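Colleague: Pasting input.cif here (mmCIF, C-alpha atoms):
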data_run
loop_
_atom_site.group_PDB
_atom_site.id
_atom_site.type_symbol
_atom_site.label_atom_id
_atom_site.label_comp_id
_atom_site.auth_asym_id
_atom_site.auth_seq_id
_atom_site.Cartn_x
_atom_site.Cartn_y
_atom_site.Cartn_z
ATOM 1 C CA MET A 18 0.000 0.000 0.000
ATOM 2 C CA ASN A 19 1.248 3.454 -0.818
ATOM 3 C CA PRO A 20 -0.341 5.994 1.565
ATOM 4 C CA PRO A 21 -0.987 8.849 1.800
ATOM 5 C CA TYR A 22 -4.333 8.960 0.047
ATOM 6 C CA GLU A 23 -5.908 12.261 -0.904
ATOM 7 C CA THR A 24 -9.567 12.760 -1.640
ATOM 8 C CA GLY A 25 -12.161 15.320 -2.512
ATOM 9 C CA PRO A 26 -12.196 19.019 -3.241
ATOM 10 C CA ARG A 27 -11.324 19.793 0.382
ATOM 11 C CA ALA A 28 -8.317 17.480 0.274
ATOM 12 C CA VAL A 29 -8.005 15.102 3.158
ATOM 13 C CA THR A 30 -4.852 13.050 3.419
ATOM 14 C CA VAL A 31 -4.912 9.636 5.058
ATOM 15 C CA ARG A 32 -1.580 8.357 6.327
ATOM 16 C CA PRO A 33 -0.312 5.774 8.780
ATOM 17 C CA ALA A 34 -0.699 7.021 12.342
ATOM 18 C CA LEU A 35 2.336 8.014 14.376
ATOM 19 C CA SER A 36 2.873 8.108 18.126
ATOM 20 C CA GLN A 37 2.776 11.935 17.856
ATOM 21 C CA ASP A 38 -0.894 11.649 16.813
ATOM 22 C CA LEU A 39 -1.895 10.376 20.256
ATOM 23 C CA ASP A 40 -3.302 13.655 21.605
ATOM 24 C CA ALA A 41 -5.501 14.242 18.549
ATOM 25 C CA VAL A 42 -6.709 10.628 18.446
ATOM 26 C CA LEU A 43 -7.360 10.635 22.195
ATOM 27 C CA ALA A 44 -9.383 13.848 21.888
ATOM 28 C CA ILE A 45 -11.569 12.291 19.174
ATOM 29 C CA ARG A 46 -11.999 9.028 21.162
ATOM 30 C CA ASN A 47 -12.840 10.827 24.386
ATOM 31 C CA HIS A 48 -15.367 13.049 22.621
ATOM 32 C CA ALA A 49 -17.029 9.899 21.273
ATOM 33 C CA ILE A 50 -17.062 8.407 24.777
ATOM 34 C CA ALA A 51 -18.612 11.517 26.312
ATOM 35 C CA HIS A 52 -21.189 12.266 23.637
ATOM 36 C CA GLY A 53 -21.996 9.139 21.640
ATOM 37 C CA THR A 54 -22.808 5.468 21.699
ATOM 38 C CA ALA A 55 -20.036 4.203 19.407
ATOM 39 C CA LEU A 56 -17.788 3.370 22.376
ATOM 40 C CA TRP A 57 -19.685 1.579 25.130
ATOM 41 C CA THR A 58 -17.904 3.014 28.120
ATOM 42 C CA ASP A 59 -18.550 5.975 30.370
ATOM 43 C CA THR A 60 -14.895 6.416 31.344
ATOM 44 C CA PRO A 61 -12.636 8.656 29.249
ATOM 45 C CA GLN A 62 -9.424 6.995 28.159
ATOM 46 C CA SER A 63 -6.367 8.208 30.074
ATOM 47 C CA ARG A 64 -3.184 9.190 28.298
ATOM 48 C CA ALA A 65 -1.455 6.001 29.518
ATOM 49 C CA GLU A 66 -4.358 3.841 28.285
ATOM 50 C CA GLY A 67 -4.341 5.698 24.981
ATOM 51 C CA GLU A 68 -0.594 5.176 24.567
ATOM 52 C CA ALA A 69 -0.967 1.433 25.131
ATOM 53 C CA TRP A 70 -3.994 1.175 22.824
ATOM 54 C CA LEU A 71 -2.445 3.207 19.998
ATOM 55 C CA GLY A 72 0.937 1.542 20.523
ATOM 56 C CA ALA A 73 -0.575 -1.897 19.885
ATOM 57 C CA HIS A 74 -2.094 -0.656 16.622
ATOM 58 C CA LEU A 75 1.136 1.057 15.579
ATOM 59 C CA ALA A 76 3.064 -2.178 16.184
ATOM 60 C CA ARG A 77 0.617 -4.027 13.881
ATOM 61 C CA GLY A 78 0.605 -1.248 11.288
ATOM 62 C CA SER A 79 -3.173 -1.030 11.604
ATOM 63 C CA ALA A 80 -3.757 2.635 12.544
ATOM 64 C CA TYR A 81 -4.361 5.540 10.174
ATOM 65 C CA VAL A 82 -5.236 9.201 10.571
ATOM 66 C CA ALA A 83 -6.987 11.629 8.255
ATOM 67 C CA GLU A 84 -5.542 15.138 8.082
ATOM 68 C CA HIS A 85 -6.983 18.348 6.703
ATOM 69 C CA ASP A 86 -4.717 21.385 6.588
ATOM 70 C CA GLY A 87 -2.274 19.664 8.947
ATOM 71 C CA THR A 88 -4.911 18.849 11.570
ATOM 72 C CA VAL A 89 -5.992 15.303 12.427
ATOM 73 C CA VAL A 90 -9.727 15.171 11.698
ATOM 74 C CA GLY A 91 -10.292 11.431 11.986
ATOM 75 C CA PHE A 92 -8.704 8.069 12.564
ATOM 76 C CA GLY A 93 -9.299 4.434 11.760
ATOM 77 C CA VAL A 94 -7.883 1.227 13.167
ATOM 78 C CA TYR A 95 -8.357 -2.483 12.878
ATOM 79 C CA GLY A 96 -7.332 -5.096 15.360
ATOM 80 C CA PRO A 97 -8.000 -8.625 16.547
ATOM 81 C CA TRP A 98 -11.673 -9.459 16.823
ATOM 82 C CA LYS A 99 -11.036 -12.139 19.456
ATOM 83 C CA ASP A 100 -7.811 -13.157 21.200
ATOM 84 C CA TYR A 101 -8.110 -16.888 20.458
ATOM 85 C CA SER A 102 -5.768 -18.224 17.741
ATOM 86 C CA GLY A 103 -8.677 -19.559 15.691
ATOM 87 C CA PHE A 104 -9.750 -15.957 15.036
ATOM 88 C CA ARG A 105 -6.274 -14.776 13.928
ATOM 89 C CA HIS A 106 -7.456 -14.020 10.373
ATOM 90 C CA THR A 107 -10.431 -11.921 11.501
ATOM 91 C CA VAL A 108 -10.204 -8.257 12.506
ATOM 92 C CA GLU A 109 -12.625 -5.586 13.691
ATOM 93 C CA ASN A 110 -12.503 -2.030 12.401
ATOM 94 C CA SER A 111 -13.188 1.296 14.093
ATOM 95 C CA VAL A 112 -13.524 4.623 12.280
ATOM 96 C CA TYR A 113 -14.019 7.988 13.991
ATOM 97 C CA VAL A 114 -14.318 11.491 12.561
ATOM 98 C CA ALA A 115 -13.810 14.618 14.647
ATOM 99 C CA GLU A 116 -16.837 16.698 15.547
ATOM 100 C CA GLY A 117 -17.560 19.260 12.830
ATOM 101 C CA HIS A 118 -15.959 17.197 10.051
ATOM 102 C CA HIS A 119 -18.733 14.682 9.311
ATOM 103 C CA GLY A 120 -20.331 14.420 5.873
ATOM 104 C CA ARG A 121 -17.109 15.112 3.948
ATOM 105 C CA GLY A 122 -16.181 11.531 3.042
ATOM 106 C CA ILE A 123 -13.481 11.258 5.710
ATOM 107 C CA GLY A 124 -14.952 8.120 7.298
ATOM 108 C CA SER A 125 -15.360 6.491 3.892
ATOM 109 C CA THR A 126 -11.779 7.255 2.933
ATOM 110 C CA LEU A 127 -10.479 5.890 6.232
ATOM 111 C CA LEU A 128 -12.543 2.710 5.907
ATOM 112 C CA ALA A 129 -11.294 2.147 2.347
ATOM 113 C CA VAL A 130 -7.689 2.432 3.571
ATOM 114 C CA LEU A 131 -8.375 0.000 6.437
ATOM 115 C CA ILE A 132 -9.867 -2.549 4.038
ATOM 116 C CA THR A 133 -6.935 -2.243 1.617
ATOM 117 C CA SER A 134 -4.412 -2.538 4.440
ATOM 118 C CA ALA A 135 -6.117 -5.611 5.930
ATOM 119 C CA ARG A 136 -6.281 -7.281 2.510
ATOM 120 C CA GLU A 137 -2.591 -6.597 1.935
ATOM 121 C CA ALA A 138 -1.862 -8.070 5.375
ATOM 122 C CA GLY A 139 -3.488 -11.322 4.233
ATOM 123 C CA LEU A 140 -6.469 -11.128 6.573
ATOM 124 C CA HIS A 141 -9.697 -12.959 5.723
ATOM 125 C CA ILE A 142 -12.672 -11.225 7.381
ATOM 126 C CA MET A 143 -13.269 -7.702 8.705
ATOM 127 C CA ILE A 144 -16.021 -7.269 11.286
ATOM 128 C CA ALA A 145 -17.854 -4.086 12.234
ATOM 129 C CA GLY A 146 -19.729 -3.948 15.548
ATOM 130 C CA ILE A 147 -22.068 -0.965 15.315
ATOM 131 C CA GLU A 148 -24.638 0.411 17.756
ATOM 132 C CA SER A 149 -27.841 -0.442 15.913
ATOM 133 C CA GLY A 150 -29.173 3.116 15.969
ATOM 134 C CA ASN A 151 -26.113 4.430 14.112
ATOM 135 C CA ALA A 152 -27.674 4.394 10.639
ATOM 136 C CA ALA A 153 -24.862 6.483 9.133
ATOM 137 C CA SER A 154 -22.210 3.945 10.152
ATOM 138 C CA ILE A 155 -24.332 1.033 8.934
ATOM 139 C CA ARG A 156 -24.790 2.759 5.539
ATOM 140 C CA LEU A 157 -21.061 3.546 5.372
ATOM 141 C CA HIS A 158 -20.168 -0.101 5.886
ATOM 142 C CA GLU A 159 -22.818 -1.261 3.385
ATOM 143 C CA ARG A 160 -21.326 1.078 0.746
ATOM 144 C CA HIS A 161 -17.989 -0.670 1.275
ATOM 145 C CA GLY A 162 -19.482 -4.140 0.796
ATOM 146 C CA PHE A 163 -20.154 -5.170 4.393
ATOM 147 C CA ALA A 164 -23.180 -7.419 4.875
ATOM 148 C CA HIS A 165 -25.424 -7.602 7.921
ATOM 149 C CA ALA A 166 -24.425 -10.642 9.979
ATOM 150 C CA GLY A 167 -26.900 -10.248 12.836
ATOM 151 C CA THR A 168 -28.118 -8.054 15.638
ATOM 152 C CA VAL A 169 -27.670 -8.843 19.292
ATOM 153 C CA ARG A 170 -30.322 -7.118 21.379
ATOM 154 C CA GLU A 171 -29.643 -5.195 24.593
ATOM 155 C CA VAL A 172 -26.029 -6.300 25.082
ATOM 156 C CA GLY A 173 -24.760 -2.898 26.188
ATOM 157 C CA THR A 174 -25.930 0.114 28.113
ATOM 158 C CA LYS A 175 -25.075 3.791 28.023
ATOM 159 C CA PHE A 176 -26.861 7.024 28.893
ATOM 160 C CA GLY A 177 -29.454 5.032 30.848
ATOM 161 C CA ARG A 178 -30.683 2.883 27.967
ATOM 162 C CA TRP A 179 -30.043 -0.572 26.549
ATOM 163 C CA LEU A 180 -28.130 -0.741 23.275
ATOM 164 C CA ASP A 181 -28.343 -3.276 20.460
ATOM 165 C CA LEU A 182 -25.241 -4.337 18.523
ATOM 166 C CA THR A 183 -25.396 -4.796 14.764
ATOM 167 C CA LEU A 184 -22.641 -7.047 13.432
ATOM 168 C CA MET A 185 -21.490 -6.644 9.848
ATOM 169 C CA ARG A 186 -18.810 -8.574 7.937
ATOM 170 C CA LEU A 187 -16.711 -8.162 4.834
ATOM 171 C CA GLN A 188 -14.771 -10.993 3.242
ATOM 172 C CA LEU A 189 -11.305 -9.707 2.418
ATOM 173 C CA SER A 190 -9.824 -12.739 0.672
#
Can I see the file as structure tokens?
Modeller:
Amino acid sequence: MNPPYETGPRAVTVRPALSQDLDAVLAIRNHAIAHGTALWTDTPQSRAEGEAWLGAHLARGSAYVAEHDGTVVGFGVYGPWKDYSGFRHTVENSVYVAEGHHGRGIGSTLLAVLITSAREAGLHIMIAGIESGNAASIRLHERHGFAHAGTVREVGTKFGRWLDLTLMRLQLS
């Protein structure tokens, strides 16, 4: 793969993430924790937790950021779906776009890079676990060829309500 990728009239560049991107990525993650249902936790990620999390993705080469005018406006990662060796060819993706930058194709560009990277890494299946009410994320994944694999009802809770998890899958090889 030959990143960076540039897209659209308001050029966004997607490149492999670096350890220096931690603060920007952590800000986007913690905003999602505080204000959304994409991450099913109520506890913001600390800097130490963020370093460990991003470090694992950097070691695998599975983290990317989207930049606009030198500012990180989104990130995407993929990582092991389950820790058991039988799942070693299956990964789960996560794509996040900074507040105020939605609707510009950033998430789509990041997801396309994740899919290409996972294919080039020889992986077989990419999974997306999406809060069932997140229609935009479900549509995004459908546009990239993901198929609905099932919905698990009321498996999470946040903001005082039960959340359903929609599972989607894409065959990479």
Colleague: If you take every atom of region 72-88 of chain A that the file lists and fit an axis-aligned box around them with 3 Å extra on each side, what centre and edge lengths come out in Å to one decimal, as AutoDock Vina command-line options?
Modeller:
--center_x -2.0 --center_y 8.7 --center_z 13.6 --size_x 16.1 --size_y 31.4 --size_z 19.9
Colleague: Return as a list of chain:residue names the set of residues that the PyMOL selection byres ((chain A and resi 169) around 12) yields on the displayed structure.
Modeller: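 Written out, the selection comes to A:Gly146, A:Ile147, A:Glu148, A:Ser149, A:His165, A:Ala166, A:Gly167, A:Thr168, A:Arg170, A:Glu171, A:Val172, A:Gly173, A:Trp179, A:Leu180, A:Asp181, A:Leu182, A:Thr183, A:Leu184, A:Met185.
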Colleague: Have a look at A:Ser154, A:Ser111, A:Thr174, A:Ser190 and name the one nearest to Arg136 (chain A); count only C-alpha atoms.
Modeller: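 Of A:Ser154, A:Ser111, A:Thr174, A:Ser190, the one nearest Arg136 (chain A) is A:Ser190, counting only C-alpha atoms.
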Colleague: Selected by the PyMOL selection byres ((chain A and resi 80) around 12) in the shown coordinates: which residues, as an NGL selection string?
Modeller: :A and (20 or 31-36 or 38-39 or 42 or 70-79 or 81-83 or 91-96 or 110-113 or 127-128 or 130-132 or 134-135)
Colleague: What does the distance from CA of Ala28 (chain A) to CA of Ala41 (chain A) come to in Å, to one decimal?
Modeller: 18.8 Å
Colleague: For this file, the PyMOL selection byres ((chain A and resi 106) around 12) selects which residues, as a VMD selection string?
Modeller: chain A and resid 95 to 105 107 to 109 135 to 136 138 to 144 188 to 190
Colleague: Export, as a PDB file, in the frame of the given file, the selected residues with C-alpha atoms.
Modeller:
ATOM      1  CA  TYR A  95      -8.357  -2.483  12.878  1.00  0.00           C
ATOM      2  CA  GLY A  96      -7.332  -5.096  15.360  1.00  0.00           C
ATOM      3  CA  PRO A  97      -8.000  -8.625  16.547  1.00  0.00           C
ATOM      4  CA  TRP A  98     -11.673  -9.459  16.823  1.00  0.00           C
ATOM      5  CA  LYS A  99     -11.036 -12.139  19.456  1.00  0.00           C
ATOM      6  CA  ASP A 100      -7.811 -13.157  21.200  1.00  0.00           C
ATOM      7  CA  TYR A 101      -8.110 -16.888  20.458  1.00  0.00           C
ATOM      8  CA  SER A 102      -5.768 -18.224  17.741  1.00  0.00           C
ATOM      9  CA  GLY A 103      -8.677 -19.559  15.691  1.00  0.00           C
ATOM     10  CA  PHE A 104      -9.750 -15.957  15.036  1.00  0.00           C
ATOM     11  CA  ARG A 105      -6.274 -14.776  13.928  1.00  0.00           C
ATOM     12  CA  THR A 107     -10.431 -11.921  11.501  1.00  0.00           C
ATOM     13  CA  VAL A 108     -10.204  -8.257  12.506  1.00  0.00           C
ATOM     14  CA  GLU A 109     -12.625  -5.586  13.691  1.00  0.00           C
ATOM     15  CA  ALA A 135      -6.117  -5.611   5.930  1.00  0.00           C
ATOM     16  CA  ARG A 136      -6.281  -7.281   2.510  1.00  0.00           C
ATOM     17  CA  ALA A 138      -1.862  -8.070   5.375  1.00  0.00           C
ATOM     18  CA  GLY A 139      -3.488 -11.322   4.233  1.00  0.00           C
ATOM     19  CA  LEU A 140      -6.469 -11.128   6.573  1.00  0.00           C
ATOM     20  CA  HIS A 141      -9.697 -12.959   5.723  1.00  0.00           C
ATOM     21  CA  ILE A 142     -12.672 -11.225   7.381  1.00  0.00           C
ATOM     22  CA  MET A 143     -13.269  -7.702   8.705  1.00  0.00           C
ATOM     23  CA  ILE A 144     -16.021  -7.269  11.286  1.00  0.00           C
ATOM     24  CA  GLN A 188     -14.771 -10.993   3.242  1.00  0.00           C
ATOM     25  CA  LEU A 189     -11.305  -9.707   2.418  1.00  0.00           C
ATOM     26  CA  SER A 190      -9.824 -12.739   0.672  1.00  0.00           C
TER      27      SER A 190
END
Colleague: Distance CA of Ala51 (chain A)-CA of Leu157 (chain A), one decimal place?
Modeller: 22.5 Å
Colleague: As an exercise, work out the distance from CA of Ser125 (chain A) to CA of Glu159 (chain A) in Å and give it to one decimal place.
Modeller: 10.8 Å
Colleague: For Ala152 (chain A), which residue out of A:Ala55, A:Ile50, A:Ala115, A:Val90 is the nearest one, using all atoms listed in the file?
Modeller: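 The closest residue to Ala152 (chain A) is A:Ala55.
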Colleague: Kindly indicate which residue among A:Thr133, A:Ala153, A:Ala145, A:Ala65 lies nearest to Gly120 (chain A), using all atoms listed in the file for the distances.
Modeller: A:Ala153
Colleague: Is there a way to get, as a PDB file with C-alpha atoms, in the frame of the given file, all residues within 12 Å of the point (-19.0, 3.1, 31.0) in file coordinates, counting all atoms listed in the file?
Modeller:
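Result saved to selection-v4.pdb:
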ATOM      1  CA  ASN A  47     -12.840  10.827  24.386  1.00  0.00           C
ATOM      2  CA  ILE A  50     -17.062   8.407  24.777  1.00  0.00           C
ATOM      3  CA  ALA A  51     -18.612  11.517  26.312  1.00  0.00           C
ATOM      4  CA  HIS A  52     -21.189  12.266  23.637  1.00  0.00           C
ATOM      5  CA  GLY A  53     -21.996   9.139  21.640  1.00  0.00           C
ATOM      6  CA  THR A  54     -22.808   5.468  21.699  1.00  0.00           C
ATOM      7  CA  ALA A  55     -20.036   4.203  19.407  1.00  0.00           C
ATOM      8  CA  LEU A  56     -17.788   3.370  22.376  1.00  0.00           C
ATOM      9  CA  TRP A  57     -19.685   1.579  25.130  1.00  0.00           C
ATOM     10  CA  THR A  58     -17.904   3.014  28.120  1.00  0.00           C
ATOM     11  CA  ASP A  59     -18.550   5.975  30.370  1.00  0.00           C
ATOM     12  CA  THR A  60     -14.895   6.416  31.344  1.00  0.00           C
ATOM     13  CA  PRO A  61     -12.636   8.656  29.249  1.00  0.00           C
ATOM     14  CA  GLN A  62      -9.424   6.995  28.159  1.00  0.00           C
ATOM     15  CA  GLY A 173     -24.760  -2.898  26.188  1.00  0.00           C
ATOM     16  CA  THR A 174     -25.930   0.114  28.113  1.00  0.00           C
ATOM     17  CA  LYS A 175     -25.075   3.791  28.023  1.00  0.00           C
ATOM     18  CA  PHE A 176     -26.861   7.024  28.893  1.00  0.00           C
ATOM     19  CA  GLY A 177     -29.454   5.032  30.848  1.00  0.00           C
TER      20      GLY A 177
END
